[in-house]
$ cat protein-v2.cif   # mmCIF, C-alpha atoms
data_model
#
loop_
_atom_site.label_atom_id
_atom_site.label_comp_id
_atom_site.auth_asym_id
_atom_site.auth_seq_id
_atom_site.Cartn_x
_atom_site.Cartn_y
_atom_site.Cartn_z
CA MET A 2 -0.46 -81.15 47.50
CA LYS A 3 -3.04 -81.61 44.74
CA LYS A 4 -3.43 -85.26 45.63
CA LEU A 5 -3.96 -84.36 49.27
CA PHE A 6 -6.59 -81.85 48.31
CA LEU A 7 -8.35 -84.40 46.13
CA ALA A 8 -8.30 -86.95 48.94
CA PHE A 9 -9.79 -84.41 51.32
CA LEU A 10 -12.48 -83.53 48.78
CA LEU A 11 -13.42 -87.17 48.34
CA LEU A 12 -13.58 -87.64 52.11
CA ALA A 13 -15.74 -84.54 52.47
CA THR A 14 -18.21 -85.67 49.79
CA ASN A 15 -18.32 -89.09 51.42
CA ILE A 16 -19.28 -87.60 54.76
CA LEU A 17 -21.73 -85.30 52.99
CA LEU A 18 -23.50 -88.27 51.43
CA PHE A 19 -23.79 -89.92 54.81
CA ALA A 20 -25.19 -86.74 56.36
CA SER A 21 -27.79 -86.25 53.63
CA SER A 22 -28.96 -89.86 53.88
CA ALA A 23 -29.38 -89.38 57.63
CA ALA A 24 -31.40 -86.22 57.00
CA ALA A 25 -33.77 -88.08 54.73
CA GLN A 26 -35.08 -90.09 57.70
CA ALA A 27 -38.37 -89.39 59.44
CA GLU A 28 -39.13 -86.21 61.36
CA GLN A 29 -36.65 -85.50 64.10
CA PRO A 30 -35.46 -82.45 66.02
CA GLU A 31 -33.83 -79.99 63.72
CA MET A 32 -30.07 -80.30 63.60
CA ALA A 33 -27.36 -78.68 61.54
CA ASP A 34 -27.71 -81.08 58.63
CA ALA A 35 -28.24 -78.25 56.20
CA MET A 36 -25.08 -76.57 57.38
CA ARG A 37 -23.20 -79.82 57.03
CA SER A 38 -24.58 -80.51 53.58
CA ASN A 39 -23.06 -77.26 52.49
CA GLY A 40 -19.86 -78.48 54.04
CA LYS A 41 -19.45 -75.26 55.99
CA ILE A 42 -19.08 -76.94 59.38
CA TYR A 43 -15.55 -77.72 58.29
CA VAL A 44 -14.91 -74.00 58.10
CA VAL A 45 -15.75 -73.73 61.77
CA VAL A 46 -13.54 -76.69 62.61
CA ALA A 47 -10.68 -75.13 60.65
CA VAL A 48 -11.06 -71.79 62.42
CA CYS A 49 -11.14 -73.44 65.84
CA LEU A 50 -8.12 -75.55 65.02
CA ILE A 51 -6.17 -72.49 63.90
CA ILE A 52 -7.01 -70.76 67.17
CA LEU A 53 -6.06 -73.87 69.16
CA PHE A 54 -2.76 -74.28 67.32
CA GLY A 55 -2.03 -70.59 67.71
CA LEU A 56 -2.61 -70.73 71.46
CA ILE A 57 -0.64 -73.93 71.87
CA GLY A 58 2.23 -72.60 69.77
CA TYR A 59 2.28 -69.54 72.00
CA VAL A 60 2.41 -71.67 75.15
CA ILE A 61 5.21 -73.78 73.63
CA ARG A 62 7.21 -70.63 72.84
CA ILE A 63 6.86 -69.36 76.39
CA ASP A 64 7.82 -72.81 77.69
CA ARG A 65 10.96 -72.86 75.51
CA LYS A 66 12.01 -69.35 76.52
CA LEU A 67 11.52 -70.23 80.15
CA SER A 68 13.60 -73.40 79.79
CA LYS A 69 16.41 -71.29 78.32
CA LEU A 70 16.21 -68.82 81.19
CA GLU A 71 16.23 -71.64 83.74
CA LYS A 72 19.30 -73.10 82.08
CA GLN A 73 21.05 -69.70 82.14
CA SER A 74 20.38 -69.14 85.81
CA ARG A 75 21.56 -72.66 86.63
CA ASP A 76 25.06 -72.09 85.24
CA MET B 220 10.86 -78.65 76.56
CA HIS B 221 11.46 -81.20 79.22
CA LYS B 222 8.89 -83.88 80.06
CA SER B 223 7.00 -83.18 76.90
CA TRP B 224 5.00 -86.41 76.48
CA TRP B 225 1.98 -85.19 78.42
CA LYS B 226 2.09 -81.86 76.61
CA ILE B 227 1.87 -83.71 73.31
CA THR B 228 -0.99 -85.76 74.76
CA ALA B 229 -2.79 -82.53 75.63
CA VAL B 230 -2.43 -81.20 72.08
CA VAL B 231 -3.60 -84.47 70.52
CA LEU B 232 -6.61 -84.70 72.83
CA LEU B 233 -7.60 -81.08 72.17
CA VAL B 234 -7.39 -81.56 68.41
CA TYR B 235 -9.58 -84.66 68.81
CA THR B 236 -11.98 -82.64 70.96
CA ILE B 237 -12.46 -79.98 68.31
CA VAL B 238 -12.59 -82.29 65.29
CA GLY B 239 -14.66 -84.99 66.97
CA GLY B 240 -16.67 -82.49 68.96
CA PHE B 241 -17.87 -80.67 65.87
CA LEU B 242 -18.17 -83.53 63.41
CA MET B 243 -19.16 -86.67 65.30
CA ASP B 244 -22.75 -87.75 65.77
CA VAL B 245 -24.60 -86.43 68.82
CA PRO B 246 -28.00 -87.34 70.27
CA ARG B 247 -30.89 -85.33 68.86
CA LEU B 248 -32.58 -83.40 71.66
CA PHE B 249 -35.24 -80.72 71.59
CA ILE B 250 -34.30 -77.15 72.61
CA LEU B 251 -30.61 -78.09 72.91
CA ASN B 252 -30.24 -79.23 69.29
CA GLU B 253 -26.60 -78.95 68.20
CA SER B 254 -25.70 -76.91 71.26
CA ILE B 255 -25.25 -80.21 73.14
CA ARG B 256 -21.75 -80.08 71.68
CA ASN B 257 -21.03 -77.37 74.23
CA LEU B 258 -20.73 -80.25 76.68
CA TYR B 259 -17.19 -80.79 75.40
CA PHE B 260 -16.23 -77.19 76.04
CA HIS B 261 -18.37 -75.58 78.74
CA VAL B 262 -18.58 -78.58 81.08
CA SER B 263 -14.92 -79.48 80.71
CA MET B 264 -14.00 -75.96 81.87
CA TRP B 265 -15.72 -76.66 85.19
CA PHE B 266 -14.19 -80.13 85.46
CA THR B 267 -10.77 -78.60 84.90
CA MET B 268 -11.48 -75.97 87.54
CA MET B 269 -12.47 -78.63 90.08
CA ILE B 270 -9.38 -80.72 89.37
CA LEU B 271 -7.04 -77.73 89.65
CA PHE B 272 -8.67 -76.60 92.90
CA CYS B 273 -8.18 -80.11 94.30
CA VAL B 274 -4.49 -79.98 93.34
CA SER B 275 -4.20 -76.52 94.88
CA LEU B 276 -5.76 -77.83 98.10
CA VAL B 277 -3.27 -80.69 98.24
CA TYR B 278 -0.34 -78.26 97.92
CA SER B 279 -1.81 -75.95 100.56
CA ILE B 280 -2.03 -78.85 103.01
CA LYS B 281 1.49 -79.86 102.03
CA TYR B 282 2.65 -76.32 102.76
CA LEU B 283 1.08 -76.39 106.20
CA ARG B 284 2.76 -79.70 106.95
CA THR B 285 6.23 -78.88 105.63
CA GLN B 286 6.43 -75.05 105.62
CA LYS B 287 8.26 -75.18 102.29
CA TYR B 288 7.78 -72.01 100.19
CA ARG B 289 7.76 -74.12 97.03
CA ASN B 290 4.43 -75.69 97.95
CA ASP B 291 2.87 -72.24 98.39
CA VAL B 292 3.98 -71.28 94.87
CA PHE B 293 2.36 -74.46 93.51
CA ALA B 294 -0.87 -73.88 95.44
CA SER B 295 -1.30 -70.29 94.25
CA ALA B 296 -0.50 -71.09 90.61
CA PHE B 297 -3.03 -73.93 90.44
CA ALA B 298 -5.68 -71.85 92.20
CA GLY B 299 -5.05 -69.02 89.73
CA THR B 300 -5.42 -71.16 86.63
CA GLY B 301 -8.43 -72.88 88.21
CA THR B 302 -10.17 -69.56 88.81
CA PHE B 303 -9.46 -68.55 85.24
CA MET B 304 -11.01 -71.77 83.93
CA GLY B 305 -14.00 -71.13 86.20
CA LEU B 306 -14.45 -67.67 84.67
CA LEU B 307 -14.32 -69.20 81.20
CA GLY B 308 -16.91 -71.77 82.28
CA TYR B 309 -19.14 -69.01 83.62
CA ALA B 310 -18.88 -66.95 80.45
CA THR B 311 -19.57 -69.89 78.16
CA GLY B 312 -22.45 -70.95 80.39
CA ALA B 313 -23.97 -67.49 80.10
CA VAL B 314 -24.00 -67.73 76.32
CA TRP B 315 -25.36 -71.28 76.33
CA ALA B 316 -28.10 -70.52 78.85
CA ASN B 317 -29.14 -67.48 76.85
CA TYR B 318 -30.15 -69.71 73.94
CA THR B 319 -31.47 -72.77 75.75
CA TRP B 320 -33.04 -71.51 79.00
CA VAL B 321 -34.76 -68.45 77.56
CA THR B 322 -37.22 -70.19 75.24
CA ASP B 323 -40.82 -69.52 74.36
CA GLN B 324 -42.06 -71.67 77.26
CA GLY B 325 -42.55 -68.92 79.79
CA GLN B 326 -39.08 -68.62 81.25
CA SER B 327 -38.20 -65.03 81.94
CA LEU B 328 -34.89 -63.31 82.43
CA SER B 329 -35.69 -62.61 86.10
CA ASN B 330 -36.10 -66.36 86.68
CA ILE B 331 -32.71 -66.97 85.18
CA LEU B 332 -31.01 -64.27 87.19
CA LYS B 333 -32.31 -65.98 90.35
CA GLU B 334 -30.90 -69.27 89.18
CA PRO B 335 -29.19 -70.98 92.19
CA LYS B 336 -26.51 -72.62 90.09
CA LEU B 337 -25.42 -69.28 88.62
CA LEU B 338 -25.42 -67.57 92.00
CA GLY B 339 -23.56 -70.47 93.58
CA ALA B 340 -20.91 -70.57 90.89
CA GLY B 341 -20.54 -66.78 91.14
CA ILE B 342 -20.06 -67.00 94.91
CA ALA B 343 -17.52 -69.81 94.53
CA ILE B 344 -15.47 -67.82 92.04
CA LEU B 345 -15.64 -64.71 94.22
CA ILE B 346 -14.39 -66.72 97.21
CA TYR B 347 -11.38 -67.74 95.16
CA CYS B 348 -10.91 -64.12 94.01
CA ALA B 349 -10.76 -63.18 97.69
CA TYR B 350 -7.91 -65.70 98.01
CA PHE B 351 -5.85 -63.55 95.63
CA VAL B 352 -6.87 -60.33 97.38
CA LEU B 353 -5.70 -61.92 100.60
CA ARG B 354 -2.41 -62.98 99.02
CA GLY B 355 -1.80 -59.45 97.80
CA SER B 356 -2.40 -57.91 101.20
CA PHE B 357 0.59 -59.50 102.92
CA THR B 358 4.13 -58.24 102.70
CA ASP B 359 5.63 -61.01 104.81
CA ILE B 360 6.10 -64.11 102.65
CA ASP B 361 5.85 -66.73 105.39
CA LYS B 362 2.78 -65.17 106.91
CA ARG B 363 1.18 -64.86 103.49
CA ALA B 364 1.85 -68.50 102.70
CA ARG B 365 0.50 -69.75 106.03
CA VAL B 366 -2.67 -67.63 106.16
CA THR B 367 -3.58 -68.16 102.51
CA ALA B 368 -3.00 -71.91 102.79
CA VAL B 369 -5.60 -72.01 105.55
CA TYR B 370 -7.92 -69.77 103.53
CA ASN B 371 -7.51 -72.03 100.51
CA ILE B 372 -8.80 -74.98 102.53
CA PHE B 373 -11.80 -72.91 103.60
CA ALA B 374 -12.45 -71.82 99.99
CA PHE B 375 -12.35 -75.42 98.81
CA ALA B 376 -14.79 -76.41 101.54
CA MET B 377 -17.15 -73.63 100.41
CA LEU B 378 -16.99 -74.81 96.81
CA PHE B 379 -19.11 -77.90 97.48
CA PRO B 380 -22.17 -76.30 99.07
CA THR B 381 -22.21 -73.44 96.58
CA ILE B 382 -21.90 -75.33 93.31
CA TRP B 383 -22.92 -78.91 94.10
CA ILE B 384 -25.29 -79.05 97.08
CA ILE B 385 -27.46 -75.92 97.12
CA PRO B 386 -28.49 -76.02 93.43
CA ARG B 387 -29.61 -79.62 93.96
CA LEU B 388 -31.58 -78.78 97.09
CA VAL B 389 -33.56 -75.86 95.73
CA GLY B 390 -33.94 -76.99 92.14
CA SER B 391 -32.44 -75.31 89.14
CA LEU B 392 -32.81 -75.03 85.41
CA HIS B 393 -29.28 -76.30 85.11
CA PRO B 394 -28.97 -79.98 84.12
CA GLY B 395 -28.33 -82.24 87.06
CA ALA B 396 -30.73 -80.46 89.41
CA PRO B 397 -34.11 -81.88 90.49
CA GLY B 398 -36.09 -79.19 88.71
CA SER B 399 -34.45 -79.85 85.40
CA GLU B 400 -36.61 -82.80 84.32
CA SER B 401 -39.61 -80.53 84.04
CA GLY B 402 -37.99 -77.42 82.68
CA ASN B 403 -35.04 -78.49 80.65
CA PRO B 404 -34.71 -81.76 78.79
CA ALA B 405 -30.97 -81.69 79.05
CA LEU B 406 -28.69 -84.56 79.63
CA ASN B 407 -28.53 -86.34 82.93
CA PHE B 408 -25.14 -87.68 83.85
CA ASN B 409 -26.66 -90.99 84.90
CA ASP B 410 -27.67 -91.73 81.34
CA ILE B 411 -25.26 -89.55 79.39
CA ASP B 412 -25.11 -90.88 75.89
CA SER B 413 -22.16 -93.07 74.96
CA ARG B 414 -21.60 -90.98 71.82
CA LEU B 415 -21.07 -87.98 74.07
CA ARG B 416 -18.80 -89.88 76.43
CA MET B 417 -16.47 -90.77 73.56
CA VAL B 418 -15.50 -87.13 73.14
CA PHE B 419 -16.35 -85.79 76.59
CA TYR B 420 -13.81 -87.74 78.68
CA PRO B 421 -10.88 -87.09 76.32
CA ALA B 422 -11.97 -83.44 76.24
CA VAL B 423 -11.85 -83.15 80.04
CA LEU B 424 -8.42 -84.74 80.09
CA GLY B 425 -7.13 -82.53 77.27
CA TRP B 426 -8.34 -79.26 78.76
CA THR B 427 -7.04 -80.29 82.19
CA LEU B 428 -3.60 -81.07 80.81
CA LEU B 429 -3.51 -77.71 79.01
CA ALA B 430 -4.43 -75.93 82.25
CA VAL B 431 -1.76 -77.89 84.14
CA TRP B 432 0.77 -76.94 81.45
CA ILE B 433 -0.06 -73.24 81.87
CA SER B 434 0.13 -73.64 85.65
CA THR B 435 3.57 -75.24 85.47
CA ILE B 436 4.80 -72.32 83.37
CA LYS B 437 3.52 -69.91 86.01
CA ILE B 438 5.19 -71.98 88.72
CA ARG B 439 8.52 -72.04 86.89
CA ILE B 440 8.44 -68.27 86.36
CA LYS B 441 7.73 -67.71 90.05
CA LEU B 442 10.42 -70.15 91.18
CA LEU B 443 12.92 -68.53 88.81
CA SER B 444 12.20 -65.00 89.98
CA ASP B 445 12.23 -65.99 93.67
CA LYS B 446 15.37 -68.06 93.34
CA SER B 447 17.14 -66.15 96.07
CA LEU B 448 14.40 -67.01 98.56
CA LEU B 449 14.46 -70.75 98.02
#
$ encode --input "protein-v2.cif" --output "structure tokens"
Amino acid sequence: MKKLFLAFLLLATNILLFASSAAAQAEQPEMADAMRSNGKIYVVVAVCLIILFGLIGYVIRIDRKLSKLEKQSRD
Amino acid sequence: MHKSWWKITAVVLLVYTIVGGFLMDVPRLFILNESIRNLYFHVSMWFTMMILFCVSLVYSIKYLRTQKYRNDVFASAFAGTGTFMGLLGYATGAVWANYTWVTDQGQSLSNILKEPKLLGAGIAILIYCAYFVLRGSFTDIDKRARVTAVYNIFAFAMLFPTIWIIPRLVGSLHPGAPGSESGNPALNFNDIDSRLRMVFYPAVLGWTLLAVWISTIKIRIKLLSDKSLL
């Protein structure tokens, strides 16, 4: 678990470095570089993934229950 | 779960949509800024709606040809999920437009409320809502299936003028309309950036598969509860 966390941290800093070097370039429309340099965009991704997994898990549960019911009514 | 490979595909594609959609590089555009990422969510809702309405149309025609009750169940389930995706597309579009159409360049709220694309999409969704009102007003199953199958074909035919043709004729702030070059520097699908395509097409497929999954669940419930009729 610790190793996984460390790997994720390294990956995150790597991406951060890339993002900050991109931000150093000449004047361009304002994007969310600042937000990314704080690393907080990953918070949003995590929240959205939790919601997505929650919804999909719910659909899978309904699907399973329905399969059981179909099986019952068949025999 | 039987036939689960495409359900797994849907989950994988949606995870890619969210991770790639938030983290991958996007073109830098004025006014839109990071909100261009909404392309993966807002636009795919409408694509999903169109695909589901096409499927619904096919099953309605199949019903009229074969008179099998099963096809009617399929048609109504796909139309229902399609309408729901359309409502989601409308709601997300309202939020997006609020931050990109109302800028400091003289656009007013009254201009936006007269927006042909919004009115057209609203009309299209209402026409499909009427499909469900019509379904609810019949007690006879065969009559309901026949009349609503015909209505579904009409509703599909109305979809094209209201959301594709009229907004392009009269000009609109919405991207893809002739007025949009002057008012809104949004993306044009003829030169949509390849970075956007890399997430956009998987996103459309993923959301469509999820909607089809939900539709099949609705169909199976209906077929199970109406088992005595089949």
$ residues_around --input "protein-v2.cif" --residues "Phe260 (chain B)" --least-positions-apart "6" --cutoff "9 Å" --atoms "all atoms listed in the file" --output "list in words"
Thr236, Gly240, Gly308, Thr311, Phe419, Ala422, Val423 and Trp426 of chain B
$ interface_residues --input "protein-v2.cif" --of "chain B" --to "chain A" --cutoff "7 Å" --atoms "only C-alpha atoms" --output "count of residues only"
12
$ atom_distance --input "protein-v2.cif" --atom1 "CA of Ile360 (chain B)" --atom2 "CA of Thr267 (chain B)"
28.5 Å
$ resolve_selection --input "protein-v2.cif" --expression "the PyMOL selection byres ((chain B and resi 361-377) around 8)" --output "list in words"
Phe272, Cys273, Ser275, Leu276, Ser279, Ile280, Tyr282, Leu283, Gln286, Tyr288, Asp291, Ala294, Ala343, Ile346, Tyr347, Tyr350, Leu353, Arg354, Phe357, Thr358, Asp359, Ile360, Leu378, Phe379, Pro380 and Thr381 of chain B
$ write_last_selection --input "protein-v2.cif" --atoms "C-alpha atoms" --output "compact mmCIF listing (two decimals), in the frame of the given file"
# COMPACT_ATOMS: atom_id res chain seq x y z
CA PHE B 272 -8.67 -76.60 92.90
CA CYS B 273 -8.18 -80.11 94.30
CA SER B 275 -4.20 -76.52 94.88
CA LEU B 276 -5.76 -77.83 98.10
CA SER B 279 -1.81 -75.95 100.56
CA ILE B 280 -2.03 -78.85 103.01
CA TYR B 282 2.65 -76.32 102.76
CA LEU B 283 1.08 -76.39 106.20
CA GLN B 286 6.43 -75.05 105.62
CA TYR B 288 7.78 -72.01 100.19
CA ASP B 291 2.87 -72.24 98.39
CA ALA B 294 -0.87 -73.88 95.44
CA ALA B 343 -17.52 -69.81 94.53
CA ILE B 346 -14.39 -66.72 97.21
CA TYR B 347 -11.38 -67.74 95.16
CA TYR B 350 -7.91 -65.70 98.01
CA LEU B 353 -5.70 -61.92 100.60
CA ARG B 354 -2.41 -62.98 99.02
CA PHE B 357 0.59 -59.50 102.92
CA THR B 358 4.13 -58.24 102.70
CA ASP B 359 5.63 -61.01 104.81
CA ILE B 360 6.10 -64.11 102.65
CA LEU B 378 -16.99 -74.81 96.81
CA PHE B 379 -19.11 -77.90 97.48
CA PRO B 380 -22.17 -76.30 99.07
CA THR B 381 -22.21 -73.44 96.58
$ atom_distance --input "protein-v2.cif" --atom1 "CA of Tyr309 (chain B)" --atom2 "CA of Phe351 (chain B)"
18.7 Å
$ build_atoms --input "protein-v2.cif" --residues "region 40-51 of chain A" --atoms "all heavy atoms" --output "CSV table (one decimal), in the coordinates of the input"
chain,number,residue,atom,x,y,z
A,40,GLY,N,-21.3,-78.3,53.7
A,40,GLY,CA,-19.9,-78.5,54.0
A,40,GLY,C,-19.3,-77.4,54.9
A,40,GLY,O,-18.1,-77.4,55.1
A,41,LYS,N,-20.1,-76.4,55.3
A,41,LYS,CA,-19.4,-75.3,56.0
A,41,LYS,C,-19.1,-75.5,57.4
A,41,LYS,O,-18.3,-74.7,58.0
A,41,LYS,CB,-20.4,-74.1,55.9
A,41,LYS,CG,-20.6,-73.6,54.5
A,41,LYS,CD,-20.9,-72.1,54.4
A,41,LYS,CE,-20.9,-71.7,53.0
A,41,LYS,NZ,-22.3,-71.9,52.4
A,42,ILE,N,-19.5,-76.6,58.0
A,42,ILE,CA,-19.1,-76.9,59.4
A,42,ILE,C,-17.6,-77.1,59.4
A,42,ILE,O,-16.9,-76.8,60.4
A,42,ILE,CB,-19.8,-78.2,59.9
A,42,ILE,CG1,-19.5,-78.5,61.4
A,42,ILE,CG2,-19.5,-79.4,59.1
A,42,ILE,CD1,-20.1,-77.5,62.3
A,43,TYR,N,-17.0,-77.5,58.3
A,43,TYR,CA,-15.6,-77.7,58.3
A,43,TYR,C,-14.8,-76.4,58.4
A,43,TYR,O,-13.7,-76.3,58.9
A,43,TYR,CB,-15.1,-78.5,57.0
A,43,TYR,CG,-15.8,-79.8,56.9
A,43,TYR,CD1,-16.8,-80.1,56.0
A,43,TYR,CD2,-15.4,-80.8,57.8
A,43,TYR,CE1,-17.4,-81.3,56.0
A,43,TYR,CE2,-16.0,-82.0,57.8
A,43,TYR,CZ,-17.0,-82.3,56.9
A,43,TYR,OH,-17.6,-83.5,56.8
A,44,VAL,N,-15.5,-75.3,58.0
A,44,VAL,CA,-14.9,-74.0,58.1
A,44,VAL,C,-14.7,-73.7,59.6
A,44,VAL,O,-13.7,-73.2,60.0
A,44,VAL,CB,-15.8,-73.0,57.4
A,44,VAL,CG1,-15.2,-71.6,57.6
A,44,VAL,CG2,-16.0,-73.3,56.0
A,45,VAL,N,-15.8,-74.0,60.3
A,45,VAL,CA,-15.8,-73.7,61.8
A,45,VAL,C,-14.7,-74.6,62.4
A,45,VAL,O,-13.9,-74.0,63.2
A,45,VAL,CB,-17.1,-74.1,62.4
A,45,VAL,CG1,-17.1,-73.7,63.9
A,45,VAL,CG2,-18.2,-73.3,61.7
A,46,VAL,N,-14.6,-75.8,62.0
A,46,VAL,CA,-13.5,-76.7,62.6
A,46,VAL,C,-12.2,-76.1,62.3
A,46,VAL,O,-11.3,-76.0,63.2
A,46,VAL,CB,-13.7,-78.1,62.1
A,46,VAL,CG1,-12.5,-79.0,62.6
A,46,VAL,CG2,-15.0,-78.7,62.4
A,47,ALA,N,-12.0,-75.7,61.0
A,47,ALA,CA,-10.7,-75.1,60.6
A,47,ALA,C,-10.3,-73.9,61.5
A,47,ALA,O,-9.2,-73.8,62.0
A,47,ALA,CB,-10.7,-74.8,59.2
A,48,VAL,N,-11.3,-73.0,61.7
A,48,VAL,CA,-11.1,-71.8,62.4
A,48,VAL,C,-10.7,-72.1,63.8
A,48,VAL,O,-9.7,-71.6,64.4
A,48,VAL,CB,-12.3,-70.9,62.4
A,48,VAL,CG1,-12.2,-69.8,63.4
A,48,VAL,CG2,-12.5,-70.3,61.0
A,49,CYS,N,-11.4,-73.1,64.5
A,49,CYS,CA,-11.1,-73.4,65.8
A,49,CYS,C,-9.8,-74.1,66.0
A,49,CYS,O,-9.0,-73.8,66.9
A,49,CYS,CB,-12.2,-74.4,66.4
A,49,CYS,SG,-13.8,-73.5,66.6
A,50,LEU,N,-9.4,-74.9,65.0
A,50,LEU,CA,-8.1,-75.6,65.0
A,50,LEU,C,-7.0,-74.5,64.9
A,50,LEU,O,-6.0,-74.6,65.6
A,50,LEU,CB,-8.0,-76.6,63.9
A,50,LEU,CG,-8.7,-77.9,64.2
A,50,LEU,CD1,-8.5,-78.9,63.0
A,50,LEU,CD2,-8.2,-78.6,65.4
A,51,ILE,N,-7.2,-73.5,64.0
A,51,ILE,CA,-6.2,-72.5,63.9
A,51,ILE,C,-6.0,-71.8,65.2
A,51,ILE,O,-4.9,-71.6,65.7
A,51,ILE,CB,-6.6,-71.5,62.8
A,51,ILE,CG1,-6.4,-72.2,61.4
A,51,ILE,CG2,-5.7,-70.3,62.8
A,51,ILE,CD1,-7.0,-71.3,60.3
